[in-house]
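Reproduced below: entry26.csv, with CSV, C-alpha atoms and all ligand atoms.
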```
chain,number,residue,atom,x,y,z
A,656,MET,CA,225.8,27.7,179.9
A,657,GLY,CA,223.4,26.2,182.4
A,658,ASN,CA,220.7,25.3,179.9
A,659,GLU,CA,223.2,24.1,177.3
A,660,PHE,CA,224.8,21.8,179.9
A,661,ILE,CA,221.4,20.4,180.8
A,662,SER,CA,220.6,19.8,177.2
A,663,VAL,CA,223.9,18.0,176.5
A,664,LEU,CA,223.4,16.0,179.7
A,665,LYS,CA,219.9,15.1,178.7
A,666,TYR,CA,221.0,14.1,175.3
A,667,ILE,CA,223.7,11.8,176.6
A,668,GLY,CA,221.3,10.3,179.1
A,669,ASN,CA,218.7,9.7,176.5
A,670,CYS,CA,221.1,8.0,174.1
A,671,MET,CA,222.3,5.7,176.9
A,672,LEU,CA,218.8,4.9,178.2
A,673,GLN,CA,217.4,4.3,174.7
A,674,VAL,CA,219.8,1.4,174.4
A,675,VAL,CA,218.3,-0.2,177.4
A,676,TYR,CA,214.7,0.8,176.9
A,677,PRO,CA,213.5,1.7,173.4
A,678,VAL,CA,211.3,4.7,173.7
A,679,SER,CA,208.1,4.8,171.6
A,680,GLY,CA,207.4,8.5,172.0
A,681,ASP,CA,204.2,7.8,173.9
A,682,CYS,CA,203.4,9.4,177.2
A,683,ILE,CA,204.4,7.0,180.0
A,684,ILE,CA,201.2,7.8,181.9
A,685,CYS,CA,198.3,8.2,179.3
A,686,LYS,CA,200.1,6.9,176.2
A,687,GLY,CA,199.3,10.2,174.5
A,688,TYR,CA,201.8,11.9,172.1
A,689,THR,CA,204.9,13.5,173.7
A,690,VAL,CA,206.5,16.5,172.1
A,691,ASP,CA,209.3,18.1,174.2
A,692,ASP,CA,209.5,15.7,177.1
A,693,ARG,CA,210.2,12.2,176.0
A,694,TRP,CA,208.3,10.7,178.9
A,695,LEU,CA,205.3,12.8,179.5
A,696,CYS,CA,202.7,14.5,177.3
A,697,SER,CA,202.1,18.2,178.1
A,698,SER,CA,198.8,17.4,179.7
A,699,CYS,CA,200.3,14.9,182.2
A,700,GLU,CA,203.4,17.1,182.7
A,701,ASN,CA,201.2,20.0,183.7
A,702,LYS,CA,199.4,18.0,186.3
A,703,ILE,CA,202.7,17.3,188.2
A,704,LYS,CA,203.3,19.6,191.1
A,705,TYR,CA,207.1,19.9,191.0
A,706,CYS,CA,208.8,21.0,194.2
A,707,GLN,CA,210.4,24.4,193.8
A,708,GLU,CA,212.1,24.5,197.2
A,709,ARG,CA,214.7,22.6,199.2
A,710,PHE,CA,213.6,21.0,202.4
A,711,GLU,CA,215.5,20.5,205.6
A,712,VAL,CA,215.0,18.0,208.4
A,713,THR,CA,216.5,18.7,211.8
A,714,LYS,CA,216.7,16.1,214.6
A,715,ASN,CA,218.9,16.0,217.7
A,716,ASN,CA,220.8,19.1,216.4
A,717,LYS,CA,221.6,17.4,213.1
A,718,ARG,CA,220.3,18.8,209.9
A,719,TYR,CA,220.1,17.5,206.4
A,720,SER,CA,219.0,19.0,203.1
A,721,TYR,CA,216.4,17.3,201.0
A,722,TYR,CA,215.6,17.7,197.3
A,723,CYS,CA,212.4,16.2,196.1
A,724,LEU,CA,211.3,16.1,192.5
A,725,ALA,CA,207.6,16.6,193.0
A,726,TYR,CA,204.8,16.4,195.6
A,727,TYR,CA,203.2,13.0,195.9
A,728,SER,CA,200.2,13.7,193.8
A,729,LYS,CA,198.7,12.8,190.4
A,730,GLY,CA,201.3,11.6,187.9
A,731,ILE,CA,204.2,11.2,190.2
A,732,SER,CA,202.3,8.9,192.5
A,733,GLU,CA,201.4,6.6,189.6
A,734,LEU,CA,205.0,6.4,188.4
A,735,VAL,CA,206.3,5.6,192.0
A,736,LEU,CA,203.7,3.0,192.5
A,737,ARG,CA,204.3,1.3,189.1
A,738,LEU,CA,208.0,1.2,189.8
A,739,LYS,CA,207.5,-0.1,193.4
A,740,TYR,CA,204.8,-2.7,192.9
A,741,LYS,CA,204.5,-3.5,189.2
A,742,SER,CA,208.2,-3.8,188.2
A,743,ASP,CA,207.7,-1.1,185.6
A,744,PHE,CA,211.3,-0.1,185.1
A,745,ALA,CA,210.6,2.6,182.5
A,746,CYS,CA,209.2,4.6,185.4
A,747,ALA,CA,212.7,4.4,187.0
A,748,ASN,CA,214.1,6.0,183.9
A,749,ALA,CA,211.5,8.7,183.7
A,750,LEU,CA,211.8,9.6,187.4
A,751,GLY,CA,215.6,9.1,187.5
A,752,GLU,CA,216.2,11.4,184.5
A,753,LYS,CA,214.1,14.2,186.1
A,754,MET,CA,215.8,13.7,189.4
A,755,ALA,CA,219.2,14.1,187.7
A,756,GLU,CA,218.1,17.3,186.1
A,757,LEU,CA,217.2,18.6,189.6
A,758,ILE,CA,220.8,18.0,190.7
A,759,VAL,CA,222.1,19.9,187.7
A,760,LYS,CA,219.6,22.7,188.1
A,761,ASN,CA,220.7,23.2,191.7
A,762,ASN,CA,224.4,23.2,190.7
A,763,LEU,CA,225.1,20.4,193.2
A,764,VAL,CA,228.5,18.8,192.9
A,765,ILE,CA,228.6,15.1,194.1
A,766,ASP,CA,231.3,12.5,194.2
A,767,PHE,CA,229.2,9.4,194.7
A,768,ILE,CA,225.6,8.3,194.6
A,769,THR,CA,224.2,5.8,197.1
A,770,PHE,CA,220.7,4.7,198.0
A,771,VAL,CA,218.5,3.5,200.8
A,772,PRO,CA,218.9,-0.3,201.0
A,773,ALA,CA,216.3,-3.0,201.3
A,774,THR,CA,216.5,-6.0,203.6
A,775,LYS,CA,217.5,-9.3,202.0
A,776,GLN,CA,214.0,-10.6,202.5
A,777,SER,CA,212.5,-7.6,200.8
A,778,LEU,CA,214.9,-8.0,197.9
A,779,MET,CA,214.0,-11.6,197.5
A,780,LYS,CA,210.3,-10.9,197.5
A,781,ARG,CA,210.3,-7.9,195.1
A,782,GLY,CA,213.4,-8.9,193.2
A,783,TYR,CA,214.8,-5.4,193.1
A,784,ASN,CA,215.3,-2.2,195.1
A,785,GLN,CA,213.5,0.7,193.5
A,786,SER,CA,215.7,3.3,195.2
A,787,GLN,CA,218.8,1.5,193.8
A,788,LEU,CA,217.2,1.6,190.3
A,789,LEU,CA,216.6,5.3,190.6
A,790,ALA,CA,220.2,5.8,191.8
A,791,LYS,CA,221.4,3.8,188.8
A,792,VAL,CA,219.6,6.0,186.3
A,793,ILE,CA,220.7,9.2,188.0
A,794,GLY,CA,224.3,7.9,188.0
A,795,GLU,CA,224.1,7.1,184.3
A,796,VAL,CA,222.8,10.6,183.4
A,797,LEU,CA,225.2,12.5,185.7
A,798,LYS,CA,228.2,10.1,185.0
A,799,VAL,CA,228.7,9.6,188.8
A,800,LYS,CA,229.5,6.3,190.3
A,801,VAL,CA,226.7,4.5,192.3
A,802,ILE,CA,228.0,2.7,195.3
A,803,SER,CA,226.3,0.4,197.9
A,804,THR,CA,227.2,1.8,201.3
A,805,LEU,CA,224.5,0.6,203.6
A,806,ASP,CA,222.7,-2.5,204.7
A,807,LYS,CA,219.3,-2.7,206.2
A,808,ILE,CA,219.8,-4.9,209.2
A,809,LYS,CA,216.3,-4.9,210.7
A,810,GLU,CA,213.0,-5.7,209.1
A,811,THR,CA,210.7,-2.8,209.8
A,812,LYS,CA,206.9,-2.4,209.8
A,813,ASP,CA,205.5,-0.5,206.8
A,814,GLN,CA,205.7,3.2,207.7
A,815,ILE,CA,202.2,3.7,206.3
A,816,GLY,CA,199.7,4.3,209.1
A,817,LEU,CA,202.4,5.3,211.6
A,818,ASN,CA,202.5,8.8,213.1
A,819,GLU,CA,205.7,10.9,212.9
A,820,GLU,CA,207.2,9.8,216.2
A,821,MET,CA,206.4,6.1,215.5
A,822,ARG,CA,208.1,6.4,212.2
A,823,TRP,CA,211.3,7.6,213.7
A,824,GLN,CA,211.2,4.8,216.3
A,825,ASN,CA,210.3,2.2,213.7
A,826,ILE,CA,213.3,3.0,211.6
A,827,SER,CA,215.8,3.7,214.3
A,828,GLY,CA,218.8,1.3,214.2
A,829,SER,CA,217.7,-0.3,210.9
A,830,TYR,CA,220.6,0.7,208.8
A,831,LYS,CA,224.3,0.0,209.1
A,832,LEU,CA,227.2,1.4,207.2
A,833,ARG,CA,229.3,-1.2,205.4
A,834,SER,CA,232.9,-1.6,206.5
A,835,ASP,CA,235.8,-0.2,204.5
A,836,MET,CA,233.8,2.5,202.7
A,837,LYS,CA,236.3,4.9,201.1
A,838,ILE,CA,234.1,7.9,201.2
A,839,LYS,CA,236.0,10.2,203.6
A,840,ASN,CA,235.6,13.8,202.6
A,841,LYS,CA,233.3,12.9,199.7
A,842,LYS,CA,230.1,14.5,198.8
A,843,ILE,CA,227.4,11.8,198.8
A,844,LEU,CA,224.0,11.9,197.2
A,845,LEU,CA,221.5,9.6,199.0
A,846,VAL,CA,218.6,8.5,196.9
A,847,ASP,CA,215.2,7.2,197.9
A,848,ASP,CA,211.7,7.0,196.3
A,849,VAL,CA,209.5,8.9,198.7
A,850,MET,CA,210.2,11.3,201.5
A,851,THR,CA,207.5,11.6,204.2
A,852,THR,CA,208.9,12.6,207.5
A,853,GLY,CA,212.5,12.1,206.2
A,854,ALA,CA,213.2,9.6,209.0
A,855,THR,CA,214.4,6.8,206.7
A,856,THR,CA,217.0,8.9,204.8
A,857,PHE,CA,217.9,10.8,207.9
A,858,CYS,CA,218.9,7.5,209.6
A,859,CYS,CA,220.9,6.4,206.6
A,860,ALA,CA,222.7,9.8,206.4
A,861,GLU,CA,223.6,9.4,210.1
A,862,GLU,CA,225.3,6.2,209.2
A,863,LEU,CA,227.1,7.7,206.2
A,864,ILE,CA,228.6,10.6,208.3
A,865,LYS,CA,230.4,7.9,210.4
A,866,SER,CA,232.7,7.7,207.4
A,867,GLU,CA,233.6,11.4,207.8
A,868,VAL,CA,232.0,12.2,204.5
A,869,ASN,CA,232.1,15.9,203.4
A,870,CYS,CA,228.3,16.0,203.2
A,871,VAL,CA,225.2,14.0,202.5
A,872,ILE,CA,222.5,15.4,200.2
A,873,ILE,CA,219.2,13.6,200.1
A,874,LEU,CA,217.2,13.3,196.9
A,875,THR,CA,213.8,11.6,196.5
A,876,ALA,CA,211.3,11.3,193.6
A,877,ALA,CA,208.4,12.3,195.7
A,878,LYS,CA,207.5,14.3,198.8
A,879,SER,CA,204.5,13.0,200.7
A,880,LYS,CA,202.5,14.2,203.6
A,881,LEU,CA,201.6,12.1,206.7
B,1,ZN,ZN,200.1,11.9,179.2
```

Mind converting the file's structure to structure tokens?
Ligand SMILES: [Zn+2]
Amino acid sequence: MGNEFISVLKYIGNCMLQVVYPVSGDCIICKGYTVDDRWLCSSCENKIKYCQERFEVTKNNKRYSYYCLAYYSKGISELVLRLKYKSDFACANALGEKMAELIVKNNLVIDFITFVPATKQSLMKRGYNQSQLLAKVIGEVLKVKVISTLDKIKETKDQIGLNEEMRWQNISGSYKLRSDMKIKNKKILLVDDVMTTGATTFCCAEELIKSEVNCVIILTAAKSKL
């Protein structure tokens, strides 16, 4: 039943996404021929180090579960960077579909999907929020509504180059829950592109639980090391 369900889900997802982005059948990374996976050829697929485990981050006696699609290494890093800096939205489809499969594989039931927000300045500069795009694809595949729940109220320094403690300090107080969110007792999936220390998504989750949600599960495309 599990595999069948995933196949059906994948089929529906593919049909919907093909309307938006016609797929040529070429590997999204090397342009080689794809057989089973409509995004990656077997050679590129085999280079990806998928995460097999669930992660947890504990801080101040609070703990959240993290699911990450793959370690930030060859293949995944290219897709994340192309999505983030080159406006390559097909990468959001490729990553988002695989992230949705991870939710199905782990039998996770969710009511709403939300995402790590960007500041208004950052949105103006880039023109889009890559985490929101990933959430949108995941929502389309899983047939779960994507909602905007948070605002980024503080411009933060790029986390790159900061150590763990500095990252937590840098991000602290940066996110705020929107008012009148009707998410009480709901299971929320929080989406981001990359997890490093988990500080960003942890701070977002801390805002979400102010709405007395049932739980927050965090999902990212990649898991990076400091
Ligand atoms: Zn390839």

Best match for closeness to Val846 of chain A among A:Gly828, A:Gly816, A:Gly782, A:Gly794, counting only C-alpha atoms
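Of A:Gly828, A:Gly816, A:Gly782, A:Gly794, the one nearest Val846 of chain A is A:Gly794, counting only C-alpha atoms.
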
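Distances from A:Leu724, A:Leu874, A:Cys699, A:Leu734 to ligand ZN 1 (chain B) were compared using all atoms listed in the file, and the smallest one belongs to A:Cys699.
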
Please check which protein, DNA or RNA residues sit within 6 Å of ligand ZN 1 (chain B), counting all atoms listed in the file, and write them as a PyMOL selection string.
chain A and resi 682+684-687+695-696+698-699

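Closest to Phe770 of chain A among A:Ile758, A:Leu750, A:Leu845, A:Ala854 is A:Leu845, based on all atoms listed in the file.
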
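Distance annotation: of A:Arg693, A:Glu711, A:Met850, A:Arg718, the residue with the minimal separation from Ala876 of chain A is A:Met850; atom set is only C-alpha atoms.
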
Since the input lacks some atoms of segment 785-807 of chain A, please model N, CA and C atoms and print them as a compact mmCIF listing (two decimals), keeping the file's coordinate frame.
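Written output follows (part34.txt):
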```txt
# COMPACT_ATOMS: atom_id res chain seq x y z
N GLN A 785 213.84 -0.44 194.39
CA GLN A 785 213.50 0.70 193.50
C GLN A 785 214.34 1.91 193.71
N SER A 786 214.85 2.10 194.94
CA SER A 786 215.70 3.30 195.20
C SER A 786 217.08 3.07 194.49
N GLN A 787 217.53 1.82 194.45
CA GLN A 787 218.80 1.50 193.80
C GLN A 787 218.62 1.75 192.25
N LEU A 788 217.47 1.37 191.72
CA LEU A 788 217.20 1.60 190.30
C LEU A 788 217.22 3.08 189.94
N LEU A 789 216.59 3.87 190.81
CA LEU A 789 216.60 5.30 190.60
C LEU A 789 218.02 5.86 190.63
N ALA A 790 218.79 5.39 191.62
CA ALA A 790 220.20 5.80 191.80
C ALA A 790 220.99 5.48 190.51
N LYS A 791 220.72 4.30 189.96
CA LYS A 791 221.40 3.80 188.80
C LYS A 791 221.19 4.77 187.58
N VAL A 792 219.93 5.12 187.39
CA VAL A 792 219.60 6.00 186.30
C VAL A 792 220.24 7.39 186.49
N ILE A 793 220.15 7.90 187.71
CA ILE A 793 220.70 9.20 188.00
C ILE A 793 222.25 9.18 187.77
N GLY A 794 222.88 8.09 188.20
CA GLY A 794 224.30 7.90 188.00
C GLY A 794 224.69 7.89 186.53
N GLU A 795 223.87 7.22 185.73
CA GLU A 795 224.10 7.10 184.30
C GLU A 795 224.04 8.52 183.64
N VAL A 796 223.03 9.27 184.03
CA VAL A 796 222.80 10.60 183.40
C VAL A 796 223.95 11.55 183.88
N LEU A 797 224.26 11.54 185.18
CA LEU A 797 225.20 12.50 185.70
C LEU A 797 226.69 12.01 185.55
N LYS A 798 226.84 10.75 185.14
CA LYS A 798 228.20 10.10 185.00
C LYS A 798 228.88 10.13 186.40
N VAL A 799 228.13 9.75 187.39
CA VAL A 799 228.70 9.60 188.80
C VAL A 799 228.49 8.20 189.21
N LYS A 800 229.48 7.66 189.86
CA LYS A 800 229.50 6.30 190.30
C LYS A 800 228.42 6.02 191.38
N VAL A 801 227.68 4.93 191.25
CA VAL A 801 226.70 4.50 192.30
C VAL A 801 227.37 3.45 193.14
N ILE A 802 227.36 3.65 194.46
CA ILE A 802 228.00 2.70 195.30
C ILE A 802 226.99 2.18 196.41
N SER A 803 227.12 0.92 196.79
CA SER A 803 226.30 0.40 197.90
C SER A 803 227.08 0.64 199.18
N THR A 804 226.50 1.42 200.05
CA THR A 804 227.20 1.80 201.30
C THR A 804 226.57 1.30 202.53
N LEU A 805 225.29 0.94 202.42
CA LEU A 805 224.50 0.60 203.60
C LEU A 805 223.82 -0.72 203.52
N ASP A 806 223.58 -1.31 204.68
CA ASP A 806 222.70 -2.50 204.70
C ASP A 806 221.56 -2.23 205.62
N LYS A 807 220.42 -2.80 205.27
CA LYS A 807 219.30 -2.70 206.20
C LYS A 807 219.31 -3.97 207.03
```
